[in-house]
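The block underneath contains the structure these notes are about, expressed in structure tokens.
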Amino acid sequence: MHRTWLGAVVAALLLLGNGAASAHAFLDRAEPRVGSIVAVAPREVALSFTENLEPTFSTIEVTDSAGRRVDGGKPSIAGNKMRVPLQDLPAGTYQVKWHVLSVDTHVSEGSFSFQVRP
Amino acid sequence: MIDLLIVARALHFASTATVGGAVLFQWMVAEPAFRNLGVESASVRAQHRDTELFVWLGLAFAVVSGAFWLVAVATNIGGEVSLVLIATGFGRVWIVRLALTALVLLCVMAQRLPQTGGNWSVAPGAIAGACLMGSLAWSGHAAGTPGIVGDVHRLADVLHLVAAAAWLGGLLPLWLLLRRNIENDDGPAMLAKAVATRRFSALGIIAVGTLLATGSMNSWILVGDPKALLEMRYGQLLLLKVMLFVTMVAIATYNRASLTPRLAEAVARRQLARNALAETGLGFAILMIVSVLGVLPPVSHIGMPGH
């Protein structure tokens with residue numbers, strides 16, 4: 001009897017949780033903007049998320065079309081904002097990859113590109 | 001890993017609510033109702049044993065499920081458990097909550113000491129139990145909400161959790177209290193039961209009011225668009241949760257309006273005890289839903305433009 005109950009509870013939980021996506025901190029705003037073409041090379045990439053971030057487990061990578069890192073390494077993170085300085089960028093297409101942990105313990109990641117075309 | 005996380009969360013919510021509810025029940029309902037009976041009364045001793053039982057069992061489950069929750073989170077993150085414990089807000093809250101667990105246990109065990117003028121450890125134990133429940137706000141969606149809205153969200157969540165524990169976690173102690181010698185009550189014990197029921201009823205009204213107000217506020221922050229309630233899994237589960245809550249309130253209203261005035265009759269006491277059990281079942285079902293809601297993206301987080 002008790003085992004039946006326990007089985008039913010576990011089954012209900014699995015059913016309810018089926019297909020649960022755990023990604024929570026979504027990218028809210030980015031500078032340079034997602035997919036944008038900018039005339040002046042930006043000095044940094046600044047991202048703003050829908051939730052506050054855990055600095056220890058949040059990273060960002062900016063690469064050029066050859067896959068070389070062009071960011072300054074460790075990002076500065078405060079609240080829901082993350083920024084990383086950039087090297088002097090020549091004209092070209094750049095890829096931004098972010099991987100963040102929100103303080104409600106959910107991991108999410110994504111990427112976008114922007115172009116520098118003076 | 002998501003499944004282990006959901007099961008751990010469900011067990012943790014249920015066990016923490018049981019602990020918090022038991023110590024709050026003792027402080028706000030049982031102690032005042034039994035005060036006139038004197039410490040040596042069998043009913044008072046039995047009530048202490050009930051509280052101890054709920055606290056021991058609840059804390060054992062809470063510690064184990066909390067550990068599984070931590071491991072599930074560390075696995076999802078891909079980090080060492082020790083690093084998650086020190087370097088994340090979630091981990092630091094877990095350390096504080098482990099200390100609160102010990103505090104609740106000490107306060108309840110202190111009641112076994114020879115009494116020196118009142119049960120001095122009842123109130124601190126109840127407050128520690130309430131903190132144990134309320135601090136869960138920092139493990140969920142409320143922790144991540146940025147800015148001033150986030151502060152409001154966290155405060156609302158703390159009140160929501162404590163109110164939920166006070167009501168839901170108090171139902172089983174009430175059930176045990178009503179069940180004891182249900183057929184033949186002597187005068188003072190009967191009176192104490194009536195006082196306890198009225199006090200719990202008042203506590204319940206405050207808890208329901210708090211749950212409604214803070215629940216509306218949290219929904220407004222996390223859902224925003226009411227249309228999305230029907231379209232998304234998060235919204236659908238939230239609606240299911242609200243329906244179960246309304247059913248609980250309906251039973252509680254019937255208890256208060258129809259059964260509480262007839263407590264002198266054994267049949268009313270039996271039905272009240274049964275209803276307390278039914279409400280507990282509904283309440284635990286709500287906690288299962290909550291354990292799933294916490295790992296789903298809330299409505300307000302979806303459909304954000306990436307620029």
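Starting from 1 in every chain, residues are counted up; chains themselves are A, B, ... following the order of the structure tokens, and ligands are numbered from 1 as listed.
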| Residue list for chain B near chain A as a list in words, 7 Å, only C-alpha atoms |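 The complete set of qualifying residues is Asp3, Val7, Val73, Ile77, Ala87, Thr88, Gly89, Phe90, Ser139, Gly140, His141, Ala143, Gly144, Thr145, Pro146, Met288, Val292, Val295, Leu296, Pro297, His301, Met304, Pro305, Gly306 and His307 of chain B.
Distances from B:Gly209, B:Gly125, B:Gly91, B:Gly150 to B:Ala164 were compared using only C-alpha atoms, and the smallest one belongs to B:Gly209.
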Atom CA of A:Val116 to atom CA of A:Pro42 measures 8.3 Å
Could you give me, as an mmCIF file with N, CA and C atoms, in the first residue's frame, the residues within 8 Å of stretch 52-67 of chain B, counting only C-alpha atoms and dropping anything in the same chain fewer than 2 positions from it?
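The result, stored in result-v1.cif:
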data_model
loop_
_atom_site.group_PDB
_atom_site.id
_atom_site.type_symbol
_atom_site.label_atom_id
_atom_site.label_comp_id
_atom_site.auth_asym_id
_atom_site.auth_seq_id
_atom_site.Cartn_x
_atom_site.Cartn_y
_atom_site.Cartn_z
ATOM 1 N N ALA B 8 14.176 15.660 -4.703
ATOM 2 C CA ALA B 8 14.844 16.214 -3.513
ATOM 3 C C ALA B 8 14.130 17.473 -3.045
ATOM 4 N N ARG B 9 13.758 18.334 -4.000
ATOM 5 C CA ARG B 9 13.049 19.565 -3.637
ATOM 6 C C ARG B 9 11.718 19.265 -2.970
ATOM 7 N N LEU B 11 10.737 16.550 -1.344
ATOM 8 C CA LEU B 11 10.950 16.021 0.009
ATOM 9 C C LEU B 11 11.393 17.126 0.959
ATOM 10 N N HIS B 12 12.249 18.015 0.445
ATOM 11 C CA HIS B 12 12.783 19.061 1.312
ATOM 12 C C HIS B 12 11.706 20.066 1.721
ATOM 13 N N PHE B 13 10.873 20.461 0.758
ATOM 14 C CA PHE B 13 9.772 21.381 1.085
ATOM 15 C C PHE B 13 8.846 20.738 2.115
ATOM 16 N N SER B 15 9.391 18.217 4.263
ATOM 17 C CA SER B 15 9.968 17.985 5.586
ATOM 18 C C SER B 15 10.218 19.308 6.319
ATOM 19 N N THR B 16 10.657 20.335 5.580
ATOM 20 C CA THR B 16 10.894 21.624 6.243
ATOM 21 C C THR B 16 9.586 22.235 6.719
ATOM 22 N N THR B 18 7.006 20.578 7.610
ATOM 23 C CA THR B 18 6.586 19.781 8.763
ATOM 24 C C THR B 18 7.291 20.268 10.032
ATOM 25 N N VAL B 19 8.603 20.501 9.928
ATOM 26 C CA VAL B 19 9.369 20.984 11.083
ATOM 27 C C VAL B 19 8.889 22.377 11.497
ATOM 28 N N ALA B 22 5.431 22.337 12.967
ATOM 29 C CA ALA B 22 5.332 21.719 14.293
ATOM 30 C C ALA B 22 5.795 22.671 15.392
ATOM 31 N N VAL B 23 6.922 23.349 15.159
ATOM 32 C CA VAL B 23 7.426 24.246 16.217
ATOM 33 C C VAL B 23 6.567 25.511 16.331
ATOM 34 N N HIS B 48 4.330 17.512 23.756
ATOM 35 C CA HIS B 48 5.785 17.637 23.614
ATOM 36 C C HIS B 48 6.346 16.487 22.796
ATOM 37 N N ARG B 49 5.832 15.276 23.086
ATOM 38 C CA ARG B 49 6.322 14.103 22.336
ATOM 39 C C ARG B 49 5.971 14.243 20.858
ATOM 40 N N ASP B 50 4.760 14.732 20.557
ATOM 41 C CA ASP B 50 4.359 14.948 19.154
ATOM 42 C C ASP B 50 5.335 15.882 18.460
ATOM 43 N N TRP B 69 19.718 17.672 -2.828
ATOM 44 C CA TRP B 69 19.455 18.901 -3.594
ATOM 45 C C TRP B 69 20.782 19.576 -3.958
ATOM 46 N N LEU B 70 21.671 19.676 -2.949
ATOM 47 C CA LEU B 70 22.986 20.296 -3.163
ATOM 48 C C LEU B 70 23.788 19.526 -4.220
ATOM 49 N N VAL B 71 23.781 18.182 -4.094
ATOM 50 C CA VAL B 71 24.525 17.359 -5.050
ATOM 51 C C VAL B 71 23.946 17.524 -6.461
ATOM 52 N N LEU B 98 21.859 24.784 7.625
ATOM 53 C CA LEU B 98 22.318 23.646 8.428
ATOM 54 C C LEU B 98 22.455 24.070 9.893
ATOM 55 N N THR B 101 19.100 24.219 11.401
ATOM 56 C CA THR B 101 18.648 22.861 11.714
ATOM 57 C C THR B 101 19.115 22.454 13.105
ATOM 58 N N LEU B 105 16.858 21.770 16.611
ATOM 59 C CA LEU B 105 17.010 20.516 17.344
ATOM 60 C C LEU B 105 17.353 20.777 18.816
ATOM 61 N N VAL B 108 14.340 22.143 20.769
ATOM 62 C CA VAL B 108 13.329 21.130 21.069
ATOM 63 C C VAL B 108 13.845 20.167 22.125
ATOM 64 N N MET B 109 15.138 19.810 22.047
ATOM 65 C CA MET B 109 15.696 18.901 23.046
ATOM 66 C C MET B 109 15.755 19.558 24.422
#
If we count only C-alpha atoms, what is near B:Val242 at a cut-off of 9 Å, once residues fewer than 5 positions away on the same chain are taken out, given as a list in words?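 So, after excluding close chain neighbours, the residues are Leu237, Thr247 and Ile286 of chain B.
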The selected residues should be written to file as an mmCIF file, in the first residue's frame (atoms: N, CA and C atoms).
data_model
loop_
_atom_site.group_PDB
_atom_site.id
_atom_site.type_symbol
_atom_site.label_atom_id
_atom_site.label_comp_id
_atom_site.auth_asym_id
_atom_site.auth_seq_id
_atom_site.Cartn_x
_atom_site.Cartn_y
_atom_site.Cartn_z
ATOM 1 N N LEU B 237 0.730 24.772 -14.345
ATOM 2 C CA LEU B 237 0.994 24.200 -13.024
ATOM 3 C C LEU B 237 0.621 25.184 -11.918
ATOM 4 N N THR B 247 -9.255 24.730 -2.787
ATOM 5 C CA THR B 247 -9.933 23.593 -2.157
ATOM 6 C C THR B 247 -9.591 23.519 -0.672
ATOM 7 N N ILE B 286 0.458 20.416 -3.290
ATOM 8 C CA ILE B 286 0.910 21.755 -3.699
ATOM 9 C C ILE B 286 2.438 21.837 -3.652
#
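The spacing separating atom CA of A:Gln87 from atom CA of A:Arg43 amounts to 7.1 Å.
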For this session: Extract, using only C-alpha atoms, all DNA, RNA and protein residues at most 9 Å from A:Ser65, discarding same-chain residues fewer than 6 positions from it, and format them as a VMD selection string.
Result: chain A and resid 92 to 95
I need the chosen residues saved as a PDB file, in the first residue's frame, with N, CA and C atoms.
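Just written: out.pdb:
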ATOM      1  N   GLY A  92      35.701  43.179 -38.946  1.00  0.00           N
ATOM      2  CA  GLY A  92      35.515  41.731 -39.009  1.00  0.00           C
ATOM      3  C   GLY A  92      34.277  41.303 -38.243  1.00  0.00           C
ATOM      4  N   THR A  93      34.057  39.986 -38.217  1.00  0.00           N
ATOM      5  CA  THR A  93      32.908  39.435 -37.504  1.00  0.00           C
ATOM      6  C   THR A  93      33.401  38.768 -36.215  1.00  0.00           C
ATOM      7  N   TYR A  94      32.696  39.015 -35.112  1.00  0.00           N
ATOM      8  CA  TYR A  94      33.106  38.492 -33.808  1.00  0.00           C
ATOM      9  C   TYR A  94      31.982  37.689 -33.175  1.00  0.00           C
ATOM     10  N   GLN A  95      32.409  36.657 -32.476  1.00  0.00           N
ATOM     11  CA  GLN A  95      31.465  35.727 -31.847  1.00  0.00           C
ATOM     12  C   GLN A  95      31.538  35.909 -30.325  1.00  0.00           C
TER      13      GLN A  95
END
Practice task
Work out how far atom CA of B:Leu103 is from atom CA of B:Ala128, in Å to one decimal.
Solution key: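 Computing it gives 6.6 Å between the two atoms.
Listed by chain and then by rising number, the residues of stretch 12-116 of chain A that DSSP assigns to alpha helix (DSSP H) from the backbone are A:Ala12, A:Leu13, A:Leu14, A:Leu15, A:Leu16, A:Gly17.
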I need the chosen residues saved as a compact mmCIF listing (two decimals), in the first residue's frame, with N, CA and C atoms.
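See selection_38.txt below for the written result:
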# COMPACT_ATOMS: atom_id res chain seq x y z
N ALA A 12 4.15 10.87 -10.53
CA ALA A 12 3.54 12.19 -10.74
C ALA A 12 4.61 13.26 -10.88
N LEU A 13 5.64 13.14 -10.02
CA LEU A 13 6.73 14.13 -10.08
C LEU A 13 7.44 14.08 -11.42
N LEU A 14 7.72 12.85 -11.87
CA LEU A 14 8.45 12.69 -13.13
C LEU A 14 7.60 13.22 -14.29
N LEU A 15 6.30 12.94 -14.22
CA LEU A 15 5.38 13.39 -15.26
C LEU A 15 5.33 14.91 -15.31
N LEU A 16 5.20 15.51 -14.12
CA LEU A 16 5.13 16.98 -14.05
C LEU A 16 6.43 17.60 -14.53
N GLY A 17 7.54 16.93 -14.20
CA GLY A 17 8.84 17.51 -14.50
C GLY A 17 9.32 17.19 -15.90
Extract, using only C-alpha atoms, all DNA, RNA and protein residues at most 9 Å from B:Trp175, discarding same-chain residues fewer than 5 positions from it, and format them as an NGL selection string.
:B and (170 or 180 or 272-277)
Let me see the file: selected residues, N, CA and C atoms, as a CSV table (one decimal), in the first residue's frame.
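Dumped everything to selection_10.csv:
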chain,number,residue,atom,x,y,z
B,170,GLY,N,1.1,22.8,10.5
B,170,GLY,CA,0.4,22.8,11.7
B,170,GLY,C,-0.8,21.8,11.7
B,180,ARG,N,-6.2,12.5,20.1
B,180,ARG,CA,-5.9,11.9,21.4
B,180,ARG,C,-7.1,11.9,22.3
B,272,LEU,N,-13.3,17.0,12.1
B,272,LEU,CA,-12.2,18.0,12.0
B,272,LEU,C,-10.9,17.4,11.8
B,273,ALA,N,-10.6,16.3,12.6
B,273,ALA,CA,-9.3,15.6,12.4
B,273,ALA,C,-9.2,15.0,11.0
B,274,ARG,N,-10.3,14.4,10.5
B,274,ARG,CA,-10.2,13.9,9.1
B,274,ARG,C,-9.9,15.0,8.1
B,275,ASN,N,-10.6,16.1,8.3
B,275,ASN,CA,-10.4,17.2,7.4
B,275,ASN,C,-9.0,17.8,7.4
B,276,ALA,N,-8.4,17.8,8.6
B,276,ALA,CA,-7.0,18.2,8.8
B,276,ALA,C,-6.1,17.3,7.9
B,277,LEU,N,-6.4,16.0,7.9
B,277,LEU,CA,-5.6,15.0,7.1
B,277,LEU,C,-5.8,15.3,5.7
Residue contacts of A:Val96 (8 Å, only C-alpha atoms) excluding same-chain residues fewer than 5 positions away, as a PDB file with N, CA and C atoms, in the first residue's frame:
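So result_9.pdb came out as:
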ATOM      1  N   ILE A  60      32.509  34.309 -20.126  1.00  0.00           N
ATOM      2  CA  ILE A  60      32.203  34.872 -21.445  1.00  0.00           C
ATOM      3  C   ILE A  60      33.462  34.775 -22.301  1.00  0.00           C
ATOM      4  N   GLU A  61      33.283  34.539 -23.595  1.00  0.00           N
ATOM      5  CA  GLU A  61      34.392  34.398 -24.526  1.00  0.00           C
ATOM      6  C   GLU A  61      34.060  35.167 -25.786  1.00  0.00           C
ATOM      7  N   VAL A  62      34.959  36.037 -26.216  1.00  0.00           N
ATOM      8  CA  VAL A  62      34.754  36.743 -27.480  1.00  0.00           C
ATOM      9  C   VAL A  62      35.875  36.315 -28.426  1.00  0.00           C
ATOM     10  N   THR A  63      35.515  35.829 -29.600  1.00  0.00           N
ATOM     11  CA  THR A  63      36.522  35.347 -30.553  1.00  0.00           C
ATOM     12  C   THR A  63      36.328  36.008 -31.911  1.00  0.00           C
ATOM     13  N   SER A 111      25.045  32.193 -27.584  1.00  0.00           N
ATOM     14  CA  SER A 111      26.074  32.914 -28.323  1.00  0.00           C
ATOM     15  C   SER A 111      25.410  33.817 -29.353  1.00  0.00           C
ATOM     16  N   PHE A 112      26.148  34.838 -29.761  1.00  0.00           N
ATOM     17  CA  PHE A 112      25.672  35.713 -30.831  1.00  0.00           C
ATOM     18  C   PHE A 112      26.890  36.346 -31.483  1.00  0.00           C
ATOM     19  N   SER A 113      26.673  36.988 -32.599  1.00  0.00           N
ATOM     20  CA  SER A 113      27.815  37.625 -33.250  1.00  0.00           C
ATOM     21  C   SER A 113      27.500  39.090 -33.515  1.00  0.00           C
TER      22      SER A 113
END
In terms of only C-alpha atoms, the residue from B:Leu239, B:Leu106, B:Ala10, B:Leu136 at minimal distance from B:Ser219 is B:Leu239
